[in-house]
Amino acid sequence: MRGGKIDEILELDATASGYLKKPLKFPKEVPVVTAGNESTGENLPQGTGYINLSLSPVTKRLGNFFYELKPDSSPSLSAEVVILHGNFIVKKASAYDLSFTTRFQGEWPKTLEIFAKNVFLGSGYGSVSLAVDNNYLRILGETGLLGLASFFGIFLTISIYIKKILPEVRNKVVRNFVLGYLAGVIGLAFNATLIDVFEASKIAFSLWLLTGVVLGTLALYQKKSLNLYQELKNAAVSAYAFIFYLFLVIVVVFSPMVGNYFTGDDFTWFRWAADCDYSSCGSILSRVYHFFFDSQGFFYRPGTKLFFAGMYSIFWLNQVVYHIVSLGLHFVVSALFFLLARKTLQNNILAGLGAVIFLLMSGYSEAVFWISSIGYLFNAAFALSAILMFILWQEKNKFFYYITSIIFISLGFLFHEVGVVTPLLIIAYLVSQEGAGSIGKIVKKSQNMLLFAPVAVYLIVRFISGSHWFSGDYSYNLIKLPFNVVGNLIGYLMLTVLGPSFFSIYSLLRTNLRNNLLLAIILVLAILFIAFLIYRIITKHLSTDERKVVVFGLLFFVVALLPFLGLGNITSRYSYLPTLGLILILTLAIRKIYDYILSYGRDVAVMALGILIAVFSLFHIIQVQQIHGDWDTAGQKVQEFFRSIDELYSDSWSGDDLKFRFVNVPIKTGEAWIFPVGLSDALWFAFQNDNLKVYIHSSLDEALSLAGTSLSERVFKFNDDGSIEEIVRYKDGFPINILSQ
């Protein structure tokens, strides 16, 4: 609600013997607002506690409402209730409990603000609130990154000490005591995400006392000296350490995006979750059945629908949670890629460097920033998991890994169609390891062909469900297919290397070549010939293992792009999985450059390569930050759209058959989508009218002409900031001939 003034006060009548309470007579149903709860000690921003209030559906408009005062209100007011008059709207809002709200909207944001004042050293002990309810955030705010690193360093040192000495302990009581201590510390570590557990005196005294007892006991069983410095160095380049570094990169580079608002297709996915089949919701099993066997002419992505349905039922429309899940999946993909790179590069540091570079690349940013693209992230995670499981099956010959690989293959294309290439990626790995001449042998093996069985089942079920196949932008032109394949290969290659800044050059080249078919043919042949020569020259200077990496990287890049190469254009999100193949080759190139410069001295090689990697990374980080700005702006425009809809709302919008016609609908800003689709679904969330029909027009004249003088049709125009204004077509009850003005 907004605005209003105190119109009258309902007072108590005074009599000779005191005050007499008059019974207040209310209508059968009245709007009443009660005073808020007492403060818990943390001052929350006004209006917080509600989840995405701008997306909460409007239920009615009010001219007044009753406000019940607090029992301990100012003594100057003898009233218990006041009436506020004005222009108000009532929304059906959802809210988290007080504990959740206090953390996420009070304590944690304040602590992060304090941390931002001094990132490395913090702002000192006691500089944060009495309770932060997250021990790690408290440490960051009080002692900064160095303090947090020191805190983790203590437990890392303890862990190394236990790992080295515990195997030598034969006393079962001592072993169980140490293992119990470890389990307790792990439990406290998880508990510290929601409580300042390490600060609590009841915990701290017991924890450090037990720590001393454990270390002292283990010292009795120590048989040889421990080089702690060397152990810490080894830990710093271990697989676990690199996975932790990937997590830190995710937090530093992408954490600002968690507040970005929903856009475009997001509302279409959410409407599936909220409105089921656009009429009514059946049982859970019925909904799941429809997700798998009734695509309603849309793409076959039941896994993605299940994800949004589950998330919507738990977190509703809190964009922060959805972005956190996207970042979590992005982290999982980078960690899985690190494990796959270890298998191919046989080097922890190179694999870790490749995974970090992957996180910093800007070409695929759309897949991370856009919530609607989360299916690509799921598919990438399942594809990499399937490949790793297959490799483990080859190494350990345990049937469990083979079955797990098939399961991951099956899960992948439930989230996106590109999952059908996962078996081909496994075949590509086998070809890179055994050589191109072994393709026939690979194909003849039944265990390799069985990998395609889930794809066959998927295609049959997809056909039965009546899903979208090939039409519009998602179709192939057979005449232009060779040119699209070569052009898109080059486009995705340059997009990966140069980022979205390459889009303008690519679009210009593509437009010009479409008008000159002969020149396009000559360029295609020339490019293919040059690429072949480069490949032959490079592979001559590579060892057998290095050639395997190059072949796998190239095949991975091409195979992951197969569903998209025949399309008429390139898109940022499609490059997410293929980027991994090029990163493998790039990482190998970095090692070869280092080996070459090493002849000038190790220090020179490290410095030169460090500068080269830093410049390349900075080039992409800048683009990632610009893209984040674009998505932030897009989200702000969508929020302005909802605010202006609330301003214009009329009670008739919630039930009548209406037609809304929009002009100047914003499609994109920079690299971010606003309303390419999803406008009608966004309006459904605003006031949930199933009878509303939405039309988009290229000009105001067209919209007004089609709307005519019908009272059930309304015309709106988008402004530059994303807000809308209604075109007034009536004055004093009579239509205005706008077209003639």
# chains A, B, ... in the order shown; residues from 1 in each chain; ligands from 1
$ residues_around --residues "Asp632 (chain A)" --least-positions-apart "2" --cutoff "12 Å" --atoms "only C-alpha atoms" --output "count of residues only"
28
$ closest_atom_pairs --of "region 166-197 of chain A" --to "region 130-137 of chain A" --cutoff "6 Å" --atoms "only C-alpha atoms" --output "tab-separated table"
residue	atom	partner	partner_atom	distance
A:Ala192	CA	A:Asn135	CA	5.1
A:Thr193	CA	A:Asn134	CA	4.7
A:Leu194	CA	A:Asn134	CA	4.7
A:Ile195	CA	A:Asp133	CA	4.0
A:Asp196	CA	A:Asn135	CA	4.3
$ residues_around --residues "Phe155 (chain A)" --least-positions-apart "5" --cutoff "10 Å" --atoms "only C-alpha atoms" --output "PyMOL selection string"
chain A and resi 150+160-161+185+211
$ closest_residue --among "A:Leu329, A:Ile645, A:Ile597, A:Val368" --to "Phe685 (chain A)" --atoms "only C-alpha atoms"
A:Ile645
$ closest_atom_pairs --of "region 316-380 of chain A" --to "region 429-439 of chain A" --cutoff "12 Å" --atoms "only C-alpha atoms" --output "CSV"
residue,atom,partner,partner_atom,distance
A:Leu340,CA,A:Tyr429,CA,10.7
A:Ala341,CA,A:Tyr429,CA,11.9
A:Lys343,CA,A:Tyr429,CA,10.9
A:Thr344,CA,A:Gln433,CA,9.4
$ write_last_selection --atoms "C-alpha atoms" --output "short mmCIF file (atom, residue, chain, number, x, y, z; two decimals), in the first residue's frame"
data_model
loop_
_atom_site.label_atom_id
_atom_site.label_comp_id
_atom_site.auth_asym_id
_atom_site.auth_seq_id
_atom_site.Cartn_x
_atom_site.Cartn_y
_atom_site.Cartn_z
CA LEU A 340 38.54 -34.30 -16.59
CA ALA A 341 41.51 -32.03 -17.41
CA LYS A 343 42.88 -37.12 -16.74
CA THR A 344 43.93 -35.63 -20.09
#
$ residues_around --residues "Asn484 (chain A)" --least-positions-apart "4" --cutoff "10 Å" --atoms "only C-alpha atoms" --output "JSON, numbers by chain"
{"A": [476, 477, 478, 479, 480, 488, 489, 490, 491, 510, 564, 565, 566, 567, 568, 569, 570]}
$ select_by_dssp --residues "region 330-490 of chain A" --states "alpha helix (DSSP H)" --output "PyMOL selection string"
chain A and resi 330-345+348-360+365-369+374-396+399-412+422-434+439-444+446-449+453-464+481-490
